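Enquirer: Here you go, one structure.
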Amino acid sequence: MRSGSAVFMMAWAIAGLSGVQSGAVRAQSIEELRDMPIAALSQLDVTSVTRSIAALADAPASIYVITHDDIVRSGTLTLPGILRLAPNLQVMRGGPNNIVIAARGLSGNGQAQNFSNKLLVLIDGRSVYSPLFSGVYWDMPDILPEDVERIEVISGPGATLWGSNAVNGVINIITRDAGASQGLYGTVVGGNRTYDLGLRYGGRAGDAINYRIFAKRHENFESSDGSDDGSRRTQIGFRMDWDASAQDRVMLQGDAHYGSISRGADPSEAVYGYDLLARWRRETASGSTIQLQAYYDHSAREIGHDGGRFALDTYDVEGQYSFQTGPHALVLGGGARISSYEVENIPGLLFVPDRRRLYLANIFAQDSIALTPHLTATAGVKLEGRTYTDLTVLPSVRLSWKPDGATLLWGAVSRAVRSPTPFDEDVVESIGQTVFLTALSSFRPEKLTAFELGTRLMLSPRASLSISGFYNVYDDLRTVDPAPGGFLPLRWGNGMEGDSYGFDAWADIRIADWWRIKPGYSLLINKLRFKDGAVPLLGLSQAGNDPRHRATLRSSMDIGRQINVDADLRYVSALPDPHVPGYVELGGRLGWQFSERAELSVSGFNLLHKRHQELPLSQAKPLARSVFVALKWTM
């Protein structure tokens, strides 16, 4: 790799910020989370809403937290599977290599080459959103589930703090402090469609340094129609946490992965990458916090020996200062990012130029003002400059009212954009010698103005409820347009606008000390339209094919201290265009803690049907039932 050693030096020498995580907060054990009253769970720390530590009960946003206990008890082995636990996310699969994840709609349309690209995803502050085509390759990021502290899922814009592309939501995956994963841990999983091996060792160096190293091998395959469309992946990584002083903490982590994706009779596709992230955080006696972070990330995909490849290198540095003065809680920060890419020999797909360096710089400020003991106003703005666009202003205003400890009412108005990428500006697609699509440098950012209103209620010490309604106004959504005065070559345009509205709701109810349920429901209504003069070549569904209704019900039961039983029931209504019937499906897990250091479990997914369809048949295959057995042990 041409930038290897220099990057490792840079990660130590340069500062940056992103997903804020307090190393001083002790990670809860599974038993602590399982026994914690729901009222106490509402006080769990979250960082994604204000980019500073706050209790979940005080967060003025539609945020759902997938806890460590939720992840371990779900039985799922992959990140998309874990994200199904969030009722404010729309997760659709068409096999192990065809995954669509969105929040509040606009999930894209593969046949129109429009991807789910309005959801920003971070792993410990490192963005895995691709600046090359926009969106996330969900077959590339991976985690060891037992090493995740929590996943904060925000439905609604977060561009003021997290920047462009945090349009309809933010997913912030926060891994555990190395001190919470000490000793030797292993897992072996085998089933009809999955094999998985994991090994991790955590230790200490002196009194101030904790570390862990891990390796994971995952294989998944469907073959529901006799073809091979599986995936294989090997990943290794480490994390080190150093309590440098009473005020200073340093974190260093890195990962490397290599995998292959089967493509039936076509050559397999290789996916590989590695990353390194360093963070320094100081918490002063006055309560102010300084955080600096830098990361480097390399990702690549390659088809066969001559089937084409692309590679992307990202260098990112950011800094943040948080402090309190009188009634004001301020967060100030900024950063810069350089992404270099090259695209080679992809048949029918050219980028002109085939390599480019993309630049991003930003500064932001947010002030949370305590107007009264119960009323808080939050105003913020981010100024962002990047390749392809002029200076972008991303403001937001929030107001939250907490009349008592059990009630929070909040409202927000925000602006966000999905910025152009090389796929929007530089791509040329052809069939044989005929150019059938060419990008234009006049492509504009896709824009959102969002209005939100929500509440979070502690109905009793055993029950909580969260409801958030939204009204989204979109402009300049991407369309496929014919050439002026003809048809070919097609080109990208900004010919669609419109509104969407609905709400997300979920509850957490402890029916008994040993039984807990979590129901959820989402309603989404899209009212998109073409602008005057636009040509409706592919119809409105090119922006997304989204279900109107989604409902979930998760049940967790503890039968004594050794047996736990979990079940996830979900309903998804029909996709409108192309039509896909609605469905009801069930997943479940039975776990037996047969010793203090070992657990045996059986997990099953899509149990109600031999196969069911989640994406259009023209784009994806039906999903089949899967069952596997897992053994976990610690030493």
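Simple scheme: letters A, B, ... for chains in structure tokens order, numbers from 1 for residues in each chain, numbers from 1 for ligands in the order shown.
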Can you list, as JSON, numbers by chain, all residues belonging to range 27-224 of chain A that DSSP tags as helix (DSSP H, G or I)?
Expert: {"A": [30, 31, 32, 33, 34, 35, 38, 39, 40, 41, 56, 57, 58, 68, 69, 70, 71, 72, 73, 74, 79, 80, 81, 82, 83, 110, 111, 112, 145, 146, 147, 159, 160, 161, 162, 178, 179, 180]}
Enquirer: I'd like the contact shell of Ala416 in chain A - 10 Å cut-off, only C-alpha atoms, skipping same-chain residues fewer than 5 positions apart - returned as JSON, numbers by chain.
Expert: {"A": [118, 156, 157, 158, 159, 160, 163, 164, 165, 166, 167, 168, 392, 393, 394, 395, 396, 445, 446, 447, 448, 449, 450, 474]}
Enquirer: Could you dump the residues just selected with C-alpha atoms as a PDB file, in the first residue's frame?
Expert:
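File out20.pdb, as written:
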ATOM      1  CA  LYS A 118     -28.999   9.366   3.192  1.00  0.00           C
ATOM      2  CA  GLY A 156     -33.825  12.300  11.503  1.00  0.00           C
ATOM      3  CA  PRO A 157     -31.136  14.682  10.249  1.00  0.00           C
ATOM      4  CA  GLY A 158     -27.849  15.112  12.107  1.00  0.00           C
ATOM      5  CA  ALA A 159     -25.946  17.260   9.620  1.00  0.00           C
ATOM      6  CA  THR A 160     -25.250  20.159  12.023  1.00  0.00           C
ATOM      7  CA  GLY A 163     -22.029  16.869   8.301  1.00  0.00           C
ATOM      8  CA  SER A 164     -23.388  16.215   4.836  1.00  0.00           C
ATOM      9  CA  ASN A 165     -25.033  12.862   4.197  1.00  0.00           C
ATOM     10  CA  ALA A 166     -26.476  12.648   7.731  1.00  0.00           C
ATOM     11  CA  VAL A 167     -29.798  13.405   6.038  1.00  0.00           C
ATOM     12  CA  ASN A 168     -32.386  10.924   7.303  1.00  0.00           C
ATOM     13  CA  THR A 392     -22.743  24.580   2.561  1.00  0.00           C
ATOM     14  CA  VAL A 393     -24.586  25.868   5.621  1.00  0.00           C
ATOM     15  CA  LEU A 394     -26.215  23.191   7.802  1.00  0.00           C
ATOM     16  CA  PRO A 395     -28.215  24.742  10.668  1.00  0.00           C
ATOM     17  CA  SER A 396     -30.558  23.278  13.251  1.00  0.00           C
ATOM     18  CA  PRO A 445     -26.821  18.473  -3.675  1.00  0.00           C
ATOM     19  CA  GLU A 446     -30.055  16.775  -2.620  1.00  0.00           C
ATOM     20  CA  LYS A 447     -31.671  18.890   0.086  1.00  0.00           C
ATOM     21  CA  LEU A 448     -33.849  18.280   3.137  1.00  0.00           C
ATOM     22  CA  THR A 449     -35.633  20.609   5.531  1.00  0.00           C
ATOM     23  CA  ALA A 450     -37.000  18.570   8.423  1.00  0.00           C
ATOM     24  CA  TYR A 474     -37.079  17.391  -0.070  1.00  0.00           C
TER      25      TYR A 474
END
Enquirer: Do a neighbour search on range 46-63 of chain A at 6 Å with only C-alpha atoms, toss out local chain neighbours closer than 6 positions, and write the hits as a list in words.
Expert: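 Listed by chain and then number, they are Val20, Val153, Ile154, Ser155, Trp410 and Ser468 of chain A.
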Enquirer: Can you spit out the residues from that selection as a PDB file, in the first residue's frame, using C-alpha atoms?
Expert:
ATOM      1  CA  VAL A  20     -17.583  10.954  21.306  1.00  0.00           C
ATOM      2  CA  VAL A 153     -29.519   5.041  16.065  1.00  0.00           C
ATOM      3  CA  ILE A 154     -30.926   8.490  15.271  1.00  0.00           C
ATOM      4  CA  SER A 155     -33.786   8.760  12.812  1.00  0.00           C
ATOM      5  CA  TRP A 410     -38.993  18.291  22.114  1.00  0.00           C
ATOM      6  CA  SER A 468     -41.379  11.164  17.288  1.00  0.00           C
TER       7      SER A 468
END
Enquirer: Fewer than 5 positions away in the same chain doesn't count, so skip those; otherwise give me all residues within 7 Å of Gln90 in chain A, counting only C-alpha atoms, as a list in words.
Expert: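 The contact residues come out as Ile101, Ala102 and Ala103 of chain A.
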Enquirer: How far is it from CA of Leu600 in chain A to CA of Leu184 in chain A, in Å with one decimal?
Expert: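 Spanning CA of Leu600 in chain A to CA of Leu184 in chain A is a straight-line distance of 17.0 Å.
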Enquirer: For Gly237 in chain A, which of A:Gly273, A:Leu408, A:Gly264, A:Val584 is the closest residue, counting only C-alpha atoms?
Expert: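 Among the listed residues, A:Gly273 lies closest to Gly237 in chain A.
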Enquirer: Just want the 9 Å neighbourhood of Ser286 in chain A, counted on only C-alpha atoms, with same-chain residues fewer than 3 positions away dropped. Output as a compact mmCIF listing (two decimals) with N, CA, C and O atoms, in the first residue's frame.
Expert:
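Below is the file selection.txt, written as the result:
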# COMPACT_ATOMS: atom_id res chain seq x y z
N GLU A 283 -10.50 15.61 30.10
CA GLU A 283 -11.62 16.14 30.86
C GLU A 283 -11.06 16.93 32.04
O GLU A 283 -10.38 16.38 32.91
N THR A 289 -14.18 19.67 28.09
CA THR A 289 -13.60 18.49 27.45
C THR A 289 -12.96 18.90 26.14
O THR A 289 -13.56 19.63 25.34
N PHE A 323 -17.64 22.93 26.64
CA PHE A 323 -17.51 23.60 27.93
C PHE A 323 -18.83 24.23 28.32
O PHE A 323 -19.73 24.42 27.48
N GLN A 324 -18.92 24.57 29.60
CA GLN A 324 -20.12 25.18 30.16
C GLN A 324 -19.76 26.56 30.68
O GLN A 324 -18.75 26.75 31.36
Enquirer: Quick one: residues within 6 Å of Pro622 in chain A, only C-alpha atoms counted, chain neighbours fewer than 6 positions away excluded, as a list in words?
Expert: Arg611, His612 and Gln613 of chain A
Enquirer: Write a file of the just-selected residues containing all heavy atoms, as an mmCIF file, in the first residue's frame.
Expert:
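And here is the file that came out, again05.cif:
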data_model
loop_
_atom_site.group_PDB
_atom_site.id
_atom_site.type_symbol
_atom_site.label_atom_id
_atom_site.label_comp_id
_atom_site.auth_asym_id
_atom_site.auth_seq_id
_atom_site.Cartn_x
_atom_site.Cartn_y
_atom_site.Cartn_z
ATOM 1 N N ARG A 611 -39.140 -19.513 2.625
ATOM 2 C CA ARG A 611 -38.513 -18.383 1.947
ATOM 3 C C ARG A 611 -39.478 -17.205 1.968
ATOM 4 O O ARG A 611 -40.696 -17.392 1.971
ATOM 5 C CB ARG A 611 -38.170 -18.702 0.485
ATOM 6 C CG ARG A 611 -37.092 -19.737 0.295
ATOM 7 C CD ARG A 611 -36.743 -19.889 -1.180
ATOM 8 N NE ARG A 611 -35.752 -20.919 -1.404
ATOM 9 C CZ ARG A 611 -36.034 -22.199 -1.589
ATOM 10 N NH1 ARG A 611 -37.292 -22.579 -1.602
ATOM 11 N NH2 ARG A 611 -35.062 -23.082 -1.772
ATOM 12 N N HIS A 612 -38.955 -15.998 1.967
ATOM 13 C CA HIS A 612 -39.791 -14.824 1.800
ATOM 14 C C HIS A 612 -38.977 -13.745 1.099
ATOM 15 O O HIS A 612 -37.747 -13.716 1.145
ATOM 16 C CB HIS A 612 -40.326 -14.315 3.149
ATOM 17 C CG HIS A 612 -39.325 -13.568 3.969
ATOM 18 N ND1 HIS A 612 -38.392 -14.187 4.762
ATOM 19 C CD2 HIS A 612 -39.107 -12.231 4.110
ATOM 20 C CE1 HIS A 612 -37.642 -13.286 5.361
ATOM 21 N NE2 HIS A 612 -38.047 -12.077 4.984
ATOM 22 N N GLN A 613 -39.687 -12.838 0.448
ATOM 23 C CA GLN A 613 -39.070 -11.801 -0.373
ATOM 24 C C GLN A 613 -39.109 -10.466 0.375
ATOM 25 O O GLN A 613 -40.150 -10.065 0.889
ATOM 26 C CB GLN A 613 -39.810 -11.665 -1.705
ATOM 27 C CG GLN A 613 -39.055 -10.909 -2.773
ATOM 28 C CD GLN A 613 -37.981 -11.762 -3.430
ATOM 29 O OE1 GLN A 613 -38.108 -12.986 -3.500
ATOM 30 N NE2 GLN A 613 -36.921 -11.114 -3.881
#
Enquirer: Residues near Glu344 in chain A, anyone? I mean within 12 Å using only C-alpha atoms, not counting same-chain ones fewer than 6 positions away, as a list in words.
Expert: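 These residues fall inside the cut-off: Ala300, Arg301, Glu302, Ile303, His305, Asp306, Gly307, Gly308, Arg309, Phe310, Ala311, Leu312, Leu350, Phe351, Val352, Pro353, Asp354 and Arg355 of chain A.
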